[in-house]
$ cat protein-v3.txt   # compact mmCIF, N, CA and C atoms and all ligand atoms
# COMPACT_ATOMS: atom_id res chain seq x y z
N MET H 905 119.18 92.55 113.09
CA MET H 905 118.10 92.70 112.15
C MET H 905 118.35 93.89 111.22
N LYS H 906 118.02 93.69 109.95
CA LYS H 906 118.21 94.78 108.98
C LYS H 906 116.89 95.11 108.31
N ILE H 907 116.72 96.38 108.01
CA ILE H 907 115.51 96.85 107.35
C ILE H 907 115.89 97.32 105.95
N LYS H 908 115.17 96.79 104.96
CA LYS H 908 115.40 97.24 103.59
C LYS H 908 114.12 97.90 103.09
N ILE H 909 114.27 99.09 102.57
CA ILE H 909 113.12 99.84 102.09
C ILE H 909 113.13 99.85 100.56
N LEU H 910 111.98 99.51 99.98
CA LEU H 910 111.83 99.53 98.53
C LEU H 910 110.99 100.77 98.17
N ARG H 911 111.68 101.88 98.01
CA ARG H 911 110.97 103.15 97.84
C ARG H 911 110.05 103.16 96.63
N ASP H 912 110.44 102.44 95.58
CA ASP H 912 109.60 102.41 94.38
C ASP H 912 108.22 101.82 94.66
N LYS H 913 108.15 100.97 95.68
CA LYS H 913 106.89 100.31 95.99
C LYS H 913 106.03 101.13 96.94
N CYS H 914 106.62 102.10 97.61
CA CYS H 914 105.90 102.86 98.63
C CYS H 914 104.84 103.73 97.97
N ILE H 915 103.61 103.61 98.49
CA ILE H 915 102.51 104.42 97.96
C ILE H 915 102.06 105.45 99.00
N SER H 916 102.90 105.71 99.97
CA SER H 916 102.66 106.78 100.96
C SER H 916 101.45 106.52 101.85
N ALA H 917 101.15 105.26 102.10
CA ALA H 917 100.00 104.94 102.93
C ALA H 917 100.22 105.37 104.38
N GLY H 918 101.46 105.32 104.83
CA GLY H 918 101.78 105.85 106.15
C GLY H 918 101.52 104.94 107.33
N THR H 919 101.05 103.72 107.08
CA THR H 919 100.76 102.86 108.24
C THR H 919 102.04 102.45 108.96
N CYS H 920 103.12 102.28 108.23
CA CYS H 920 104.39 101.94 108.90
C CYS H 920 104.81 103.07 109.84
N VAL H 921 104.60 104.30 109.43
CA VAL H 921 104.95 105.45 110.27
C VAL H 921 104.04 105.50 111.50
N ALA H 922 102.77 105.16 111.31
CA ALA H 922 101.83 105.17 112.43
C ALA H 922 102.23 104.13 113.48
N ILE H 923 102.71 102.98 113.02
CA ILE H 923 103.06 101.91 113.96
C ILE H 923 104.43 102.13 114.58
N ALA H 924 105.38 102.60 113.81
CA ALA H 924 106.75 102.78 114.31
C ALA H 924 107.27 104.17 113.90
N PRO H 925 106.76 105.22 114.54
CA PRO H 925 107.11 106.59 114.13
C PRO H 925 108.56 106.96 114.37
N ASP H 926 109.24 106.23 115.26
CA ASP H 926 110.66 106.54 115.48
C ASP H 926 111.57 105.78 114.52
N VAL H 927 110.99 104.88 113.74
CA VAL H 927 111.79 104.07 112.81
C VAL H 927 111.62 104.57 111.37
N PHE H 928 110.36 104.86 111.00
CA PHE H 928 110.07 105.26 109.62
C PHE H 928 109.51 106.68 109.59
N GLU H 929 109.81 107.37 108.51
CA GLU H 929 109.17 108.66 108.28
C GLU H 929 108.99 108.84 106.79
N LEU H 930 108.12 109.79 106.45
CA LEU H 930 107.90 110.10 105.04
C LEU H 930 108.72 111.33 104.68
N ASP H 931 109.38 111.28 103.53
CA ASP H 931 110.19 112.43 103.10
C ASP H 931 109.34 113.43 102.31
N ASP H 932 109.99 114.40 101.73
CA ASP H 932 109.27 115.47 101.01
C ASP H 932 108.45 114.93 99.85
N GLU H 933 108.88 113.79 99.31
CA GLU H 933 108.14 113.19 98.20
C GLU H 933 107.02 112.28 98.70
N GLY H 934 106.87 112.19 100.01
CA GLY H 934 105.84 111.32 100.57
C GLY H 934 106.24 109.85 100.55
N LYS H 935 107.53 109.60 100.35
CA LYS H 935 108.01 108.21 100.32
C LYS H 935 108.69 107.88 101.65
N VAL H 936 108.60 106.61 101.99
CA VAL H 936 109.15 106.19 103.27
C VAL H 936 110.68 106.27 103.28
N THR H 937 111.22 106.70 104.39
CA THR H 937 112.66 106.65 104.61
C THR H 937 112.91 106.10 106.01
N LEU H 938 114.12 105.65 106.20
CA LEU H 938 114.50 105.10 107.49
C LEU H 938 114.99 106.23 108.39
N LYS H 939 114.35 106.34 109.53
CA LYS H 939 114.71 107.39 110.49
C LYS H 939 115.74 106.85 111.47
N ASN H 940 115.40 105.72 112.08
CA ASN H 940 116.30 105.11 113.05
C ASN H 940 116.00 103.62 113.12
N GLU H 941 116.94 102.84 112.61
CA GLU H 941 116.74 101.38 112.54
C GLU H 941 116.48 100.77 113.92
N LYS H 942 116.93 101.45 114.95
CA LYS H 942 116.77 100.92 116.31
C LYS H 942 115.72 101.70 117.10
N GLY H 943 114.79 102.32 116.36
CA GLY H 943 113.80 103.16 117.01
C GLY H 943 112.62 102.43 117.63
N ALA H 944 112.60 101.09 117.49
CA ALA H 944 111.52 100.30 118.10
C ALA H 944 112.03 98.87 118.25
N ASP H 945 111.29 98.08 119.03
CA ASP H 945 111.74 96.69 119.18
C ASP H 945 111.44 95.91 117.90
N GLU H 946 112.05 94.73 117.78
CA GLU H 946 111.98 93.98 116.52
C GLU H 946 110.55 93.64 116.13
N GLN H 947 109.74 93.24 117.12
CA GLN H 947 108.37 92.84 116.80
C GLN H 947 107.58 94.03 116.24
N THR H 948 107.81 95.20 116.80
CA THR H 948 107.10 96.39 116.32
C THR H 948 107.51 96.70 114.88
N ILE H 949 108.79 96.54 114.58
CA ILE H 949 109.26 96.82 113.22
C ILE H 949 108.68 95.80 112.24
N ILE H 950 108.63 94.54 112.65
CA ILE H 950 108.03 93.52 111.79
C ILE H 950 106.54 93.80 111.60
N ASP H 951 105.86 94.21 112.67
CA ASP H 951 104.44 94.57 112.55
C ASP H 951 104.25 95.73 111.58
N ALA H 952 105.16 96.70 111.62
CA ALA H 952 105.08 97.84 110.70
C ALA H 952 105.27 97.36 109.27
N ALA H 953 106.23 96.47 109.06
CA ALA H 953 106.46 95.93 107.71
C ALA H 953 105.23 95.18 107.22
N LYS H 954 104.61 94.40 108.12
CA LYS H 954 103.41 93.64 107.75
C LYS H 954 102.24 94.56 107.42
N SER H 955 102.23 95.74 108.01
CA SER H 955 101.11 96.67 107.80
C SER H 955 101.17 97.33 106.44
N CYS H 956 102.30 97.26 105.78
CA CYS H 956 102.45 97.97 104.51
C CYS H 956 101.65 97.27 103.42
N PRO H 957 100.75 97.98 102.76
CA PRO H 957 99.90 97.34 101.75
C PRO H 957 100.66 96.87 100.51
N THR H 958 101.85 97.39 100.29
CA THR H 958 102.59 97.01 99.08
C THR H 958 103.88 96.24 99.40
N GLN H 959 104.05 95.89 100.66
CA GLN H 959 105.25 95.16 101.10
C GLN H 959 106.53 95.88 100.67
N ALA H 960 106.55 97.17 100.93
CA ALA H 960 107.71 97.99 100.57
C ALA H 960 108.82 97.93 101.62
N ILE H 961 108.56 97.22 102.71
CA ILE H 961 109.56 97.11 103.78
C ILE H 961 109.92 95.63 103.93
N GLU H 962 111.19 95.33 103.76
CA GLU H 962 111.66 93.95 103.92
C GLU H 962 112.55 93.89 105.17
N ILE H 963 112.43 92.78 105.87
CA ILE H 963 113.19 92.60 107.10
C ILE H 963 114.11 91.38 106.94
N TYR H 964 115.37 91.56 107.28
CA TYR H 964 116.36 90.48 107.21
C TYR H 964 117.00 90.31 108.57
N ASP H 965 117.42 89.09 108.86
CA ASP H 965 118.17 88.91 110.10
C ASP H 965 119.65 89.22 109.83
N ASP H 966 120.48 89.06 110.85
CA ASP H 966 121.88 89.47 110.72
C ASP H 966 122.67 88.60 109.74
N GLU H 967 122.10 87.43 109.40
CA GLU H 967 122.77 86.58 108.39
C GLU H 967 122.16 86.78 107.00
N ASP H 968 121.42 87.86 106.83
CA ASP H 968 120.79 88.20 105.55
C ASP H 968 119.68 87.24 105.16
N LYS H 969 119.15 86.50 106.12
CA LYS H 969 117.99 85.66 105.84
C LYS H 969 116.75 86.52 105.96
N ARG H 970 115.86 86.42 104.96
CA ARG H 970 114.68 87.27 104.97
C ARG H 970 113.66 86.78 105.99
N LEU H 971 113.25 87.68 106.87
CA LEU H 971 112.25 87.34 107.88
C LEU H 971 110.85 87.74 107.42
N PHE H 972 110.79 88.79 106.61
CA PHE H 972 109.50 89.25 106.07
C PHE H 972 109.78 90.03 104.80
N PRO H 973 108.95 89.94 103.77
CA PRO H 973 107.78 89.06 103.64
C PRO H 973 108.20 87.65 103.24
S1 LIG P 1001 103.21 101.47 104.88
FE1 LIG P 1001 104.29 100.97 102.96
S2 LIG P 1001 103.34 102.26 101.44
FE2 LIG P 1001 102.81 103.10 103.42
S3 LIG P 1001 104.38 104.63 103.84
FE3 LIG P 1001 105.05 102.73 104.77
S4 LIG P 1001 106.33 101.79 103.19
FE4 LIG P 1001 105.12 103.34 102.19
$ encode --input "protein-v3.txt" --output "structure tokens" --more "lines below"
Ligand code: SF4
Amino acid sequence: MKIKILRDKCISAGTCVAIAPDVFELDDEGKVTLKNEKGADEQTIIDAAKSCPTQAIEIYDDEDKRLFP
């Protein structure tokens, strides 16, 4: 599974960090960054992506097929 972050879309809502704090963090600009792609199980990461109000987190499988959104 691969995580793609669209920083331009991030509005610093922080819900992804709340759900998966070992995977996502906010940088000095308040934008999401990837902390550790393997910091949570796949379902938790997908739940974090779904929680984002602007869909700034995209999830792909290992064959580059988009799983979310
Ligand atoms: S939930 Fe979305 S908008 Fe909020 S910090 Fe995470 S990526 Fe950014």
$ residues_around --input "protein-v3.txt" --residues "Glu962 of chain H" --least-positions-apart "4" --cutoff "6 Å" --atoms "only N, CA and C atoms" --output "PyMOL selection string"
chain H and resi 906-910+972-973
$ atom_distance --input "protein-v3.txt" --atom1 "atom N of Ile961 of chain H" --atom2 "atom C of Asp932 of chain H"
17.9 Å
$ atom_distance --input "protein-v3.txt" --atom1 "atom C of Tyr964 of chain H" --atom2 "atom CA of Glu946 of chain H"
10.1 Å
$ residues_near_ligand --input "protein-v3.txt" --ligand "ligand LIG 1001 (chain P)" --cutoff "6.5 Å" --atoms "all atoms listed in the file" --output "ChimeraX atom specification"
/H:913-921,934-936,952,955-961
$ write_last_selection --input "protein-v3.txt" --atoms "N, CA and C atoms" --output "mmCIF file, keeping the file's coordinate frame"
data_model
loop_
_atom_site.group_PDB
_atom_site.id
_atom_site.type_symbol
_atom_site.label_atom_id
_atom_site.label_comp_id
_atom_site.auth_asym_id
_atom_site.auth_seq_id
_atom_site.Cartn_x
_atom_site.Cartn_y
_atom_site.Cartn_z
ATOM 1 N N LYS H 913 108.150 100.970 95.680
ATOM 2 C CA LYS H 913 106.890 100.310 95.990
ATOM 3 C C LYS H 913 106.030 101.130 96.940
ATOM 4 N N CYS H 914 106.620 102.100 97.610
ATOM 5 C CA CYS H 914 105.900 102.860 98.630
ATOM 6 C C CYS H 914 104.840 103.730 97.970
ATOM 7 N N ILE H 915 103.610 103.610 98.490
ATOM 8 C CA ILE H 915 102.510 104.420 97.960
ATOM 9 C C ILE H 915 102.060 105.450 99.000
ATOM 10 N N SER H 916 102.900 105.710 99.970
ATOM 11 C CA SER H 916 102.660 106.780 100.960
ATOM 12 C C SER H 916 101.450 106.520 101.850
ATOM 13 N N ALA H 917 101.150 105.260 102.100
ATOM 14 C CA ALA H 917 100.000 104.940 102.930
ATOM 15 C C ALA H 917 100.220 105.370 104.380
ATOM 16 N N GLY H 918 101.460 105.320 104.830
ATOM 17 C CA GLY H 918 101.780 105.850 106.150
ATOM 18 C C GLY H 918 101.520 104.940 107.330
ATOM 19 N N THR H 919 101.050 103.720 107.080
ATOM 20 C CA THR H 919 100.760 102.860 108.240
ATOM 21 C C THR H 919 102.040 102.450 108.960
ATOM 22 N N CYS H 920 103.120 102.280 108.230
ATOM 23 C CA CYS H 920 104.390 101.940 108.900
ATOM 24 C C CYS H 920 104.810 103.070 109.840
ATOM 25 N N VAL H 921 104.600 104.300 109.430
ATOM 26 C CA VAL H 921 104.950 105.450 110.270
ATOM 27 C C VAL H 921 104.040 105.500 111.500
ATOM 28 N N GLY H 934 106.870 112.190 100.010
ATOM 29 C CA GLY H 934 105.840 111.320 100.570
ATOM 30 C C GLY H 934 106.240 109.850 100.550
ATOM 31 N N LYS H 935 107.530 109.600 100.350
ATOM 32 C CA LYS H 935 108.010 108.210 100.320
ATOM 33 C C LYS H 935 108.690 107.880 101.650
ATOM 34 N N VAL H 936 108.600 106.610 101.990
ATOM 35 C CA VAL H 936 109.150 106.190 103.270
ATOM 36 C C VAL H 936 110.680 106.270 103.280
ATOM 37 N N ALA H 952 105.160 96.700 111.620
ATOM 38 C CA ALA H 952 105.080 97.840 110.700
ATOM 39 C C ALA H 952 105.270 97.360 109.270
ATOM 40 N N SER H 955 102.230 95.740 108.010
ATOM 41 C CA SER H 955 101.110 96.670 107.800
ATOM 42 C C SER H 955 101.170 97.330 106.440
ATOM 43 N N CYS H 956 102.300 97.260 105.780
ATOM 44 C CA CYS H 956 102.450 97.970 104.510
ATOM 45 C C CYS H 956 101.650 97.270 103.420
ATOM 46 N N PRO H 957 100.750 97.980 102.760
ATOM 47 C CA PRO H 957 99.900 97.340 101.750
ATOM 48 C C PRO H 957 100.660 96.870 100.510
ATOM 49 N N THR H 958 101.850 97.390 100.290
ATOM 50 C CA THR H 958 102.590 97.010 99.080
ATOM 51 C C THR H 958 103.880 96.240 99.400
ATOM 52 N N GLN H 959 104.050 95.890 100.660
ATOM 53 C CA GLN H 959 105.250 95.160 101.100
ATOM 54 C C GLN H 959 106.530 95.880 100.670
ATOM 55 N N ALA H 960 106.550 97.170 100.930
ATOM 56 C CA ALA H 960 107.710 97.990 100.570
ATOM 57 C C ALA H 960 108.820 97.930 101.620
ATOM 58 N N ILE H 961 108.560 97.220 102.710
ATOM 59 C CA ILE H 961 109.560 97.110 103.780
ATOM 60 C C ILE H 961 109.920 95.630 103.930
#
$ select_by_dssp --input "protein-v3.txt" --residues "chain H" --states "alpha helix (DSSP H)" --output "list in words"
Thr919, Cys920, Val921, Ala922, Ile923, Glu946, Gln947, Thr948, Ile949, Ile950, Asp951, Ala952, Ala953, Lys954 and Ser955 of chain H
$ select_by_dssp --input "protein-v3.txt" --residues "chain H" --states "strand (DSSP E or B)" --output "list in words"
Lys906, Ile907, Lys908, Ile909, Phe928, Glu929, Leu930, Val936, Thr937, Leu938, Ile961, Glu962, Ile963, Tyr964, Arg970, Leu971 and Phe972 of chain H
$ residues_around --input "protein-v3.txt" --residues "Gly943 of chain H" --least-positions-apart "2" --cutoff "6 Å" --atoms "only C-alpha atoms" --output "list in words"
Asp926, Val927, Asn940 and Glu941 of chain H
$ atom_distance --input "protein-v3.txt" --atom1 "atom CA of Arg911 of chain H" --atom2 "atom CA of Thr937 of chain H"
7.8 Å
$ residues_around --input "protein-v3.txt" --residues "Thr948 of chain H" --least-positions-apart "4" --cutoff "6.5 Å" --atoms "only N, CA and C atoms" --output "ChimeraX atom specification"
/H:923-924,944,952-953
$ closest_residue --input "protein-v3.txt" --among "H:Leu971, H:Met905, H:Lys939, H:Asp965" --to "Pro925 of chain H" --atoms "all atoms listed in the file"
H:Lys939
$ axis_aligned_box --input "protein-v3.txt" --around "segment 931-936 of chain H" --padding-each-side "8 Å" --output "AutoDock Vina command-line options"
--center_x 108.3 --center_y 110.8 --center_z 100.9 --size_x 20.8 --size_y 25.3 --size_z 21.3
